[in-house]
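Student: Take a look at protein30.cif, mmCIF, C-alpha atoms and all ligand atoms:
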data_target
#
loop_
_atom_site.label_atom_id
_atom_site.label_comp_id
_atom_site.auth_asym_id
_atom_site.auth_seq_id
_atom_site.Cartn_x
_atom_site.Cartn_y
_atom_site.Cartn_z
CA MET Z 1 -3.72 -31.92 3.67
CA ALA Z 2 -6.84 -30.32 5.14
CA ASP Z 3 -9.42 -29.24 2.60
CA ARG Z 4 -9.02 -25.66 1.51
CA VAL Z 5 -11.84 -23.35 2.55
CA ILE Z 6 -13.74 -20.90 0.38
CA ASN Z 7 -11.88 -17.70 1.10
CA PHE Z 8 -13.70 -14.36 0.91
CA ASN Z 9 -10.99 -12.50 2.85
CA PRO Z 10 -10.72 -8.75 2.18
CA GLY Z 11 -6.90 -8.69 2.11
CA PRO Z 12 -4.61 -10.47 2.14
CA SER Z 13 -6.98 -12.61 0.17
CA ALA Z 14 -7.40 -15.71 -1.94
CA LEU Z 15 -4.55 -16.62 -4.29
CA PRO Z 16 -4.96 -18.96 -7.26
CA LEU Z 17 -4.34 -22.53 -6.09
CA THR Z 18 -2.09 -23.29 -9.06
CA VAL Z 19 0.20 -20.41 -8.04
CA LEU Z 20 0.52 -21.76 -4.50
CA GLU Z 21 1.13 -25.27 -5.79
CA ALA Z 22 3.86 -24.08 -8.16
CA ALA Z 23 5.50 -22.19 -5.30
CA GLN Z 24 5.40 -25.33 -3.20
CA ARG Z 25 6.93 -27.42 -5.98
CA GLU Z 26 9.65 -24.90 -6.71
CA LEU Z 27 10.45 -23.89 -3.15
CA LEU Z 28 13.63 -25.93 -2.75
CA ASP Z 29 14.93 -25.70 -6.29
CA PHE Z 30 14.07 -22.71 -8.43
CA ASP Z 31 14.48 -23.32 -12.17
CA GLY Z 32 17.15 -25.99 -11.70
CA THR Z 33 19.48 -23.61 -9.82
CA GLY Z 34 19.75 -25.91 -6.81
CA MET Z 35 18.46 -23.28 -4.45
CA SER Z 36 15.24 -21.55 -3.56
CA ILE Z 37 14.28 -18.22 -5.13
CA LEU Z 38 14.34 -17.09 -1.48
CA GLU Z 39 18.09 -17.72 -1.41
CA HIS Z 40 19.05 -15.97 -4.64
CA SER Z 41 20.60 -12.52 -4.75
CA HIS Z 42 18.24 -9.83 -5.96
CA ARG Z 43 21.07 -8.82 -8.32
CA ALA Z 44 21.70 -12.28 -9.80
CA LYS Z 45 20.24 -13.55 -13.08
CA PRO Z 46 17.57 -15.95 -11.78
CA TYR Z 47 15.82 -13.22 -9.84
CA GLY Z 48 16.53 -10.69 -12.60
CA ALA Z 49 14.39 -12.72 -14.97
CA VAL Z 50 11.52 -12.76 -12.46
CA HIS Z 51 11.80 -8.99 -12.01
CA GLU Z 52 11.67 -8.33 -15.75
CA GLU Z 53 8.76 -10.69 -16.27
CA VAL Z 54 6.65 -9.08 -13.51
CA LYS Z 55 7.16 -5.68 -15.13
CA GLN Z 56 6.42 -7.01 -18.61
CA LEU Z 57 3.31 -8.87 -17.50
CA LEU Z 58 1.96 -5.74 -15.83
CA ARG Z 59 2.72 -3.72 -18.97
CA THR Z 60 0.95 -6.21 -21.19
CA LEU Z 61 -2.02 -6.94 -18.95
CA LEU Z 62 -2.77 -3.29 -18.21
CA ASN Z 63 -1.62 -2.00 -21.58
CA ILE Z 64 0.77 0.45 -19.91
CA PRO Z 65 2.12 3.02 -22.38
CA GLU Z 66 5.81 3.90 -22.73
CA SER Z 67 5.11 7.22 -21.03
CA HIS Z 68 4.72 5.41 -17.70
CA HIS Z 69 7.26 3.62 -15.50
CA VAL Z 70 6.46 0.53 -13.46
CA ILE Z 71 8.18 0.42 -10.07
CA PHE Z 72 7.83 -1.52 -6.83
CA MET Z 73 8.12 -0.20 -3.31
CA GLN Z 74 7.50 -1.47 0.21
CA GLY Z 75 5.40 -0.37 3.15
CA GLY Z 76 2.09 -1.06 1.42
CA ALA Z 77 -0.35 1.45 0.01
CA SER Z 78 -0.21 3.11 3.42
CA ALA Z 79 3.43 4.16 2.95
CA GLN Z 80 2.33 5.83 -0.30
CA PHE Z 81 -0.22 7.90 1.63
CA GLY Z 82 2.85 9.71 2.98
CA LEU Z 83 5.25 9.32 0.04
CA ILE Z 84 2.84 10.84 -2.49
CA PRO Z 85 2.71 14.22 -0.74
CA LEU Z 86 6.41 13.98 0.15
CA ASN Z 87 7.25 13.64 -3.54
CA LEU Z 88 4.51 15.68 -5.21
CA LEU Z 89 3.48 18.40 -2.79
CA THR Z 90 5.94 21.26 -3.06
CA PRO Z 91 5.94 24.08 -0.48
CA SER Z 92 2.95 26.42 -0.77
CA ALA Z 93 1.18 24.05 -3.20
CA SER Z 94 -2.22 22.47 -2.58
CA ALA Z 95 -3.53 18.97 -3.25
CA ASP Z 96 -7.14 17.82 -3.77
CA TYR Z 97 -8.59 14.64 -2.27
CA VAL Z 98 -11.94 12.97 -2.86
CA ASN Z 99 -13.44 11.39 0.23
CA THR Z 100 -14.93 8.00 -0.59
CA GLY Z 101 -14.31 6.36 2.75
CA ASN Z 102 -11.76 5.15 5.21
CA TRP Z 103 -8.78 4.70 2.84
CA SER Z 104 -9.24 8.14 1.29
CA GLN Z 105 -9.39 9.60 4.78
CA LYS Z 106 -6.18 7.86 5.78
CA ALA Z 107 -4.47 9.13 2.62
CA PHE Z 108 -5.72 12.64 3.40
CA SER Z 109 -4.62 12.67 7.01
CA GLU Z 110 -1.10 11.46 6.15
CA ALA Z 111 -0.87 14.12 3.45
CA ARG Z 112 -1.94 16.76 5.95
CA ILE Z 113 1.02 15.90 8.16
CA VAL Z 114 3.36 16.54 5.23
CA ALA Z 115 1.48 19.65 4.11
CA GLU Z 116 1.55 21.29 7.54
CA ASP Z 117 5.31 20.86 7.70
CA GLN Z 118 5.78 22.27 4.17
CA GLY Z 119 3.49 25.26 4.33
CA ALA Z 120 1.39 23.42 1.74
CA LYS Z 121 -2.31 22.55 1.81
CA VAL Z 122 -4.59 19.58 1.32
CA ARG Z 123 -8.30 20.03 0.74
CA TRP Z 124 -11.36 17.88 0.14
CA ALA Z 125 -12.70 18.34 -3.38
CA GLY Z 126 -15.78 16.17 -2.84
CA THR Z 127 -17.31 13.40 -0.78
CA GLY Z 128 -19.35 10.24 -1.20
CA GLU Z 129 -20.71 10.39 2.33
CA THR Z 130 -24.46 10.56 2.92
CA ALA Z 131 -26.66 10.14 6.01
CA ASP Z 132 -26.41 6.37 5.33
CA GLY Z 133 -22.61 6.33 5.23
CA PHE Z 134 -20.41 6.11 2.14
CA THR Z 135 -23.09 5.10 -0.32
CA ARG Z 136 -22.09 7.25 -3.29
CA ILE Z 137 -19.21 8.40 -5.46
CA PRO Z 138 -19.40 12.12 -6.18
CA THR Z 139 -20.04 12.90 -9.84
CA GLN Z 140 -17.77 15.10 -11.91
CA GLY Z 141 -20.21 17.99 -11.52
CA GLU Z 142 -20.19 17.67 -7.75
CA LEU Z 143 -16.42 17.98 -7.45
CA GLU Z 144 -14.95 21.35 -6.56
CA LEU Z 145 -11.60 20.97 -8.25
CA ASP Z 146 -8.64 23.27 -7.90
CA ASP Z 147 -7.16 23.51 -11.42
CA ASN Z 148 -3.82 24.48 -9.92
CA ALA Z 149 -3.65 21.61 -7.46
CA ALA Z 150 -0.40 19.64 -7.28
CA TYR Z 151 -2.56 16.54 -7.83
CA LEU Z 152 -6.04 15.09 -7.38
CA HIS Z 153 -6.15 11.92 -5.27
CA ILE Z 154 -8.91 9.32 -5.60
CA THR Z 155 -9.49 5.76 -4.34
CA SER Z 156 -10.90 3.64 -7.17
CA ASN Z 157 -12.65 1.08 -4.99
CA ASN Z 158 -13.89 1.54 -1.46
CA THR Z 159 -12.85 -1.74 0.12
CA LEU Z 160 -14.84 -1.16 3.32
CA PHE Z 161 -18.11 0.35 2.17
CA GLY Z 162 -18.53 -1.32 -1.20
CA THR Z 163 -18.49 1.59 -3.65
CA GLN Z 164 -16.40 1.80 -6.83
CA TYR Z 165 -15.73 4.39 -9.50
CA LYS Z 166 -17.15 3.35 -12.87
CA THR Z 167 -15.81 6.41 -14.65
CA PHE Z 168 -12.90 8.40 -13.35
CA PRO Z 169 -12.92 12.15 -12.83
CA LYS Z 170 -11.28 14.44 -15.35
CA SER Z 171 -8.99 17.05 -13.90
CA LYS Z 172 -6.37 19.56 -14.98
CA ALA Z 173 -4.24 18.47 -12.03
CA PRO Z 174 -2.33 15.17 -12.27
CA LEU Z 175 -4.60 12.27 -11.31
CA VAL Z 176 -3.32 9.99 -8.54
CA CYS Z 177 -5.28 6.82 -7.78
CA ASP Z 178 -5.11 4.22 -5.02
CA MET Z 179 -6.14 1.03 -6.89
CA SER Z 180 -5.19 -1.39 -4.12
CA SER Z 181 -8.46 -3.27 -4.13
CA ASP Z 182 -9.36 -3.36 -7.82
CA ILE Z 183 -6.20 -3.24 -9.90
CA LEU Z 184 -6.29 -5.96 -12.61
CA SER Z 185 -10.01 -6.54 -12.02
CA CYS Z 186 -11.06 -4.68 -15.16
CA PRO Z 187 -9.36 -2.84 -18.03
CA ILE Z 188 -8.30 0.76 -17.37
CA ASN Z 189 -6.81 3.44 -19.55
CA VAL Z 190 -3.47 4.00 -17.81
CA ASP Z 191 -2.89 7.17 -19.81
CA ASP Z 192 -5.75 8.82 -17.88
CA PHE Z 193 -3.64 8.59 -14.73
CA ASP Z 194 -0.37 10.16 -13.68
CA LEU Z 195 0.23 7.85 -10.75
CA ILE Z 196 -1.47 4.56 -9.93
CA TYR Z 197 -0.50 2.68 -6.81
CA ALA Z 198 -1.67 -0.57 -5.28
CA GLY Z 199 -0.64 -2.89 -2.48
CA ALA Z 200 -0.30 -6.27 -4.18
CA GLN Z 201 -2.14 -8.34 -1.58
CA LYS Z 202 -5.67 -8.14 -3.00
CA ASN Z 203 -5.47 -8.82 -6.72
CA ALA Z 204 -1.80 -9.05 -7.62
CA GLY Z 205 0.09 -11.21 -5.16
CA PRO Z 206 1.12 -11.38 -1.52
CA ALA Z 207 1.57 -8.55 0.98
CA GLY Z 208 4.93 -6.79 0.94
CA ILE Z 209 5.01 -5.27 -2.54
CA THR Z 210 3.39 -2.07 -3.71
CA ILE Z 211 3.00 -1.58 -7.45
CA LEU Z 212 3.41 1.97 -8.79
CA ILE Z 213 2.71 3.09 -12.35
CA ILE Z 214 4.01 6.60 -12.77
CA ARG Z 215 4.07 9.02 -15.69
CA ASP Z 216 7.60 10.04 -16.58
CA SER Z 217 6.77 13.73 -16.82
CA LEU Z 218 5.43 13.70 -13.25
CA LEU Z 219 8.91 12.84 -11.98
CA HIS Z 220 10.42 16.09 -13.17
CA GLY Z 221 8.59 18.25 -10.68
CA CYS Z 222 9.14 15.88 -7.76
CA ARG Z 223 10.67 17.11 -4.57
CA THR Z 224 14.19 15.91 -3.74
CA LYS Z 225 15.34 18.44 -1.15
CA GLY Z 226 15.24 17.02 2.35
CA LEU Z 227 13.83 13.74 1.08
CA PRO Z 228 16.08 10.69 1.58
CA LYS Z 229 16.81 9.01 -1.76
CA ILE Z 230 15.10 5.76 -0.87
CA PHE Z 231 11.78 7.64 -0.72
CA ARG Z 232 12.18 9.49 -4.04
CA TYR Z 233 10.17 8.13 -6.96
CA GLY Z 234 12.85 9.32 -9.39
CA TYR Z 235 15.56 7.39 -7.55
CA VAL Z 236 13.51 4.18 -7.53
CA VAL Z 237 12.83 4.59 -11.27
CA GLU Z 238 16.55 5.16 -12.00
CA ASN Z 239 17.43 2.03 -10.06
CA ASP Z 240 14.69 -0.13 -11.56
CA SER Z 241 13.36 -0.70 -7.99
CA LEU Z 242 16.63 -2.47 -7.12
CA GLN Z 243 18.25 0.27 -5.05
CA ASN Z 244 18.09 -2.11 -2.10
CA THR Z 245 16.87 -5.66 -1.49
CA ILE Z 246 13.42 -5.99 -3.03
CA PRO Z 247 11.08 -8.64 -1.50
CA THR Z 248 12.12 -11.28 -4.02
CA PHE Z 249 9.69 -13.98 -2.93
CA GLY Z 250 6.78 -11.58 -3.12
CA MET Z 251 7.81 -10.64 -6.66
CA TYR Z 252 8.06 -14.32 -7.57
CA LEU Z 253 4.53 -14.95 -6.26
CA ALA Z 254 3.26 -11.84 -8.06
CA ARG Z 255 4.72 -13.29 -11.27
CA GLY Z 256 2.66 -16.42 -10.66
CA VAL Z 257 -0.53 -14.41 -10.15
CA LEU Z 258 0.11 -12.26 -13.24
CA ARG Z 259 0.84 -15.33 -15.37
CA TRP Z 260 -2.41 -16.82 -14.05
CA VAL Z 261 -4.33 -13.69 -15.12
CA ARG Z 262 -2.70 -13.88 -18.57
CA ASP Z 263 -3.39 -17.61 -18.96
CA ASN Z 264 -7.02 -17.13 -17.95
CA GLY Z 265 -7.85 -14.61 -20.61
CA GLY Z 266 -6.31 -11.40 -19.29
CA VAL Z 267 -7.90 -8.45 -17.55
CA ALA Z 268 -10.88 -8.23 -19.93
CA LYS Z 269 -11.82 -11.81 -19.09
CA MET Z 270 -11.31 -11.11 -15.36
CA ALA Z 271 -13.74 -8.20 -15.73
CA GLU Z 272 -16.31 -10.41 -17.41
CA ILE Z 273 -16.14 -13.05 -14.66
CA ASN Z 274 -16.06 -10.41 -11.92
CA ALA Z 275 -19.24 -8.85 -13.33
CA GLN Z 276 -20.87 -12.27 -13.37
CA LYS Z 277 -19.82 -12.99 -9.77
CA ALA Z 278 -20.98 -9.62 -8.45
CA GLY Z 279 -24.16 -9.79 -10.52
CA MET Z 280 -25.06 -13.10 -8.96
CA LEU Z 281 -24.42 -11.81 -5.43
CA TYR Z 282 -26.29 -8.52 -5.88
CA GLY Z 283 -29.11 -10.56 -7.39
CA ALA Z 284 -29.37 -12.52 -4.13
CA ILE Z 285 -29.28 -9.26 -2.14
CA ASP Z 286 -31.92 -7.57 -4.28
CA ALA Z 287 -34.19 -10.61 -4.15
CA ARG Z 288 -34.66 -9.93 -0.41
CA PRO Z 289 -33.93 -6.22 0.11
CA ALA Z 290 -35.46 -6.11 3.59
CA PHE Z 291 -33.34 -9.05 4.76
CA TYR Z 292 -30.08 -8.44 2.86
CA GLN Z 293 -29.74 -4.67 3.06
CA ASN Z 294 -27.38 -2.74 0.82
CA ARG Z 295 -27.73 1.05 0.66
CA VAL Z 296 -25.09 1.73 -1.96
CA GLU Z 297 -26.28 3.63 -5.02
CA GLN Z 298 -26.82 0.99 -7.74
CA SER Z 299 -24.59 2.66 -10.31
CA VAL Z 300 -21.51 2.63 -8.07
CA ARG Z 301 -21.81 -0.74 -6.39
CA SER Z 302 -18.41 -2.35 -5.98
CA LEU Z 303 -17.75 -5.49 -7.99
CA MET Z 304 -14.89 -6.35 -5.65
CA ASN Z 305 -16.35 -5.87 -2.17
CA PRO Z 306 -20.15 -6.05 -2.06
CA ILE Z 307 -21.48 -5.43 1.45
CA PHE Z 308 -24.83 -5.98 3.12
CA ARG Z 309 -26.29 -6.15 6.56
CA LEU Z 310 -29.03 -8.24 8.07
CA PRO Z 311 -31.94 -6.87 10.12
CA THR Z 312 -30.11 -7.44 13.44
CA GLU Z 313 -26.53 -7.86 14.65
CA GLU Z 314 -27.50 -11.29 15.99
CA LEU Z 315 -28.37 -12.32 12.44
CA ASP Z 316 -25.07 -10.90 11.14
CA LEU Z 317 -23.30 -13.09 13.68
CA ALA Z 318 -25.37 -16.14 12.82
CA PHE Z 319 -24.63 -15.56 9.14
CA TRP Z 320 -20.82 -15.63 9.60
CA GLN Z 321 -21.00 -18.60 11.92
CA GLU Z 322 -23.26 -20.71 9.74
CA ALA Z 323 -21.27 -19.76 6.63
CA ALA Z 324 -18.03 -20.70 8.39
CA ALA Z 325 -19.56 -24.06 9.30
CA GLU Z 326 -19.94 -24.56 5.54
CA SER Z 327 -16.27 -23.62 4.97
CA MET Z 328 -16.98 -20.08 3.74
CA VAL Z 329 -14.72 -17.68 5.62
CA GLY Z 330 -13.72 -14.01 5.59
CA LEU Z 331 -17.28 -12.64 5.45
CA LYS Z 332 -17.25 -10.41 8.52
CA GLY Z 333 -17.70 -6.75 7.59
CA HIS Z 334 -15.03 -4.20 8.52
CA ARG Z 335 -15.52 -2.95 12.07
CA LEU Z 336 -16.37 0.53 10.72
CA ALA Z 337 -19.05 -0.78 8.37
CA GLY Z 338 -20.42 -3.77 10.31
CA GLY Z 339 -22.56 -6.42 8.64
CA ILE Z 340 -21.20 -8.69 5.93
CA ARG Z 341 -18.56 -8.03 3.29
CA VAL Z 342 -17.96 -10.45 0.43
CA SER Z 343 -14.61 -9.85 -1.22
CA LEU Z 344 -14.72 -11.11 -4.79
CA TYR Z 345 -11.18 -10.56 -6.01
CA ASN Z 346 -9.97 -12.20 -9.22
CA ALA Z 347 -8.85 -15.42 -7.54
CA VAL Z 348 -12.31 -16.09 -6.03
CA PRO Z 349 -13.99 -18.47 -8.48
CA LEU Z 350 -17.57 -18.28 -9.71
CA SER Z 351 -18.28 -21.59 -7.95
CA ALA Z 352 -17.56 -19.90 -4.58
CA VAL Z 353 -20.25 -17.30 -5.28
CA GLU Z 354 -22.68 -19.97 -6.44
CA LYS Z 355 -22.23 -21.73 -3.13
CA LEU Z 356 -22.63 -18.50 -1.14
CA VAL Z 357 -25.77 -17.50 -3.00
CA ALA Z 358 -27.34 -20.91 -2.34
CA PHE Z 359 -26.40 -20.51 1.32
CA MET Z 360 -28.01 -17.04 1.38
CA ASP Z 361 -31.23 -18.46 0.04
CA ASP Z 362 -31.31 -21.22 2.69
CA PHE Z 363 -30.30 -18.83 5.46
CA ALA Z 364 -33.06 -16.35 4.61
CA LYS Z 365 -35.70 -19.08 4.54
CA LYS Z 366 -34.48 -20.57 7.80
CA HIS Z 367 -34.52 -17.18 9.53
CA GLY Z 368 -37.91 -16.19 8.34
CA ALA Z 369 -37.36 -13.89 5.37
C1 LIG L 401 -6.09 -2.56 1.60
C2 LIG L 401 -6.06 -1.17 1.15
C3 LIG L 401 -5.07 -0.26 1.57
C4 LIG L 401 -4.02 -0.61 2.59
O1 LIG L 401 -2.99 -1.28 2.04
P1 LIG L 401 -1.66 -1.61 2.85
O2 LIG L 401 -0.86 -2.28 1.79
O3 LIG L 401 -2.03 -2.50 3.99
O4 LIG L 401 -1.06 -0.35 3.33
C5 LIG L 401 -5.10 1.01 1.04
N1 LIG L 401 -6.03 1.39 0.16
C6 LIG L 401 -7.01 0.55 -0.25
C7 LIG L 401 -8.02 1.03 -1.24
C8 LIG L 401 -7.05 -0.75 0.23
O5 LIG L 401 -8.03 -1.58 -0.18
#
Please rewrite the model in this file as structure tokens.
Tutor:
Amino acid sequence: MADRVINFNPGPSALPLTVLEAAQRELLDFDGTGMSILEHSHRAKPYGAVHEEVKQLLRTLLNIPESHHVIFMQGGASAQFGLIPLNLLTPSASADYVNTGNWSQKAFSEARIVAEDQGAKVRWAGTGETADGFTRIPTQGELELDDNAAYLHITSNNTLFGTQYKTFPKSKAPLVCDMSSDILSCPINVDDFDLIYAGAQKNAGPAGITILIIRDSLLHGCRTKGLPKIFRYGYVVENDSLQNTIPTFGMYLARGVLRWVRDNGGVAKMAEINAQKAGMLYGAIDARPAFYQNRVEQSVRSLMNPIFRLPTEELDLAFWQEAAAESMVGLKGHRLAGGIRVSLYNAVPLSAVEKLVAFMDDFAKKHGA
């Protein structure tokens, strides 16, 4: 087998090696059943146990209260950009969005399509954009919230521009949060949220599953008229996410990742290691601020996706190429942000960051910083 590289991919991203190895071992015979988990019915017992365990692990790891349901859907976080307004935005209502970058904007523009058709409204309640790009998260005082909004939508971590909420806004309207790129990276108080959603492929498993944590009382006001059942949150809750064939293999891999989080000290321990990893990387950036440039406000720097750029695009290019030659991949910034992005999801070990930071030191010296 070829050596595995050091994977800083933004998503899909690194998975724990032990999870992949277990999947490999169990691929032909799951739990002594004589067939692969891929070949089992989603309604039969072997898969049923996986399904229950994924839910239970999420409940335990995130300390999810009884007031909230855990469901799984498909189509990624992007499908939720449309399904949230389809379920929660009733005719003539209005929803608030906070603009902290590309994913918030996508969520907003999908919601606007629904709103226009419904005679409803979507509005921006605040922005993190400055002359230097998305370098901030608006503070509570800067938000212009509509107390009567159907919901307030935020994006906890800006995967492209490297900003992250450290405290979440308080609002009278139900709080809806896209946590795709930082779920399970640090403890949260689930009760502060009415709906949390996250594509699994960054911190929780492979692509193909979207995790939703939804407050029971939010379901009662949900739209049903004109909305096919498969898209209704209430219907998915009633059917325990098994109204149709769930991506069983993805759930099985998610179980592996969640077990790995549990066995490695849980979400609090993940947070501790993530802070150490990000601290080490920002330390290397701040040691040479003219060479490794990061304009994000210190207090909202992302622990998951630190970004920086070099003085020229040629140096950006040389950085990826020389890093790749040392088996460090996935460092190219998003095309909208340019520069370098280092994705430090849970499964990226401290040793990977140690190696990158040593490389950054050598690279800066070699290129005259
Ligand atoms: C990756 C990402 C998405 C997109 O997820 P899909 O599952 O590909 O639709 C949405 N929001 C955030 C914050 C992300 O990081």
Student: May I ask you to write as a ChimeraX atom specification all residues lying at most 8 Å from ligand LIG 401 (chain L), with only C-alpha atoms and all ligand atoms counted?
Tutor: /Z:10-11,75-80,103-104,155-160,178-182,198-202,207-210
Student: Can you tell me how far CA of Ala352 (chain Z) sits from CA of Thr135 (chain Z), in Å to one decimal?
Tutor: 26.0 Å
Student: At what distance in Å, to one decimal, does CA of Thr60 (chain Z) lie from CA of Leu175 (chain Z)?
Tutor: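 Calculated distance between CA of Leu175 (chain Z) and CA of Thr60 (chain Z) is 21.7 Å.
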Student: How far is it from CA of Ser343 (chain Z) to CA of Ser13 (chain Z), in Å with one decimal?
Tutor: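 Taking CA of Ser343 (chain Z) as the start and CA of Ser13 (chain Z) as the end point, the length is 8.2 Å.
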Student: Would you mind listing what lies within 7 Å of Pro187 (chain Z) as a ChimeraX atom specification, with only C-alpha atoms counted and same-chain residues fewer than 6 positions away left out?
Tutor: /Z:62,267-268
Student: Write out as a ChimeraX atom specification each polymer residue whose atoms come within 12 Å of Glu314 (chain Z), counting all atoms listed in the file; drop sequence neighbours fewer than 6 positions from it.
Tutor: /Z:320-321,338-339,367
Student: Within 7 Å of Val296 (chain Z), counting all atoms listed in the file, which residues show up once you throw out same-chain ones fewer than 4 positions away? Write them as a PDB file with C-alpha atoms, in the coordinates of the input, please.
Tutor:
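Contents of around.pdb, freshly written:
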ATOM      1  CA  THR Z 135     -23.090   5.100  -0.320  1.00  0.00           C
ATOM      2  CA  ARG Z 136     -22.090   7.250  -3.290  1.00  0.00           C
ATOM      3  CA  THR Z 163     -18.490   1.590  -3.650  1.00  0.00           C
ATOM      4  CA  ARG Z 301     -21.810  -0.740  -6.390  1.00  0.00           C
TER       5      ARG Z 301
END
Student: Using all atoms listed in the file, find the one residue out of Z:Ala324, Z:Ile214, Z:Val98, Z:Ala131 that sits nearest to Phe168 (chain Z).
Tutor: Z:Val98
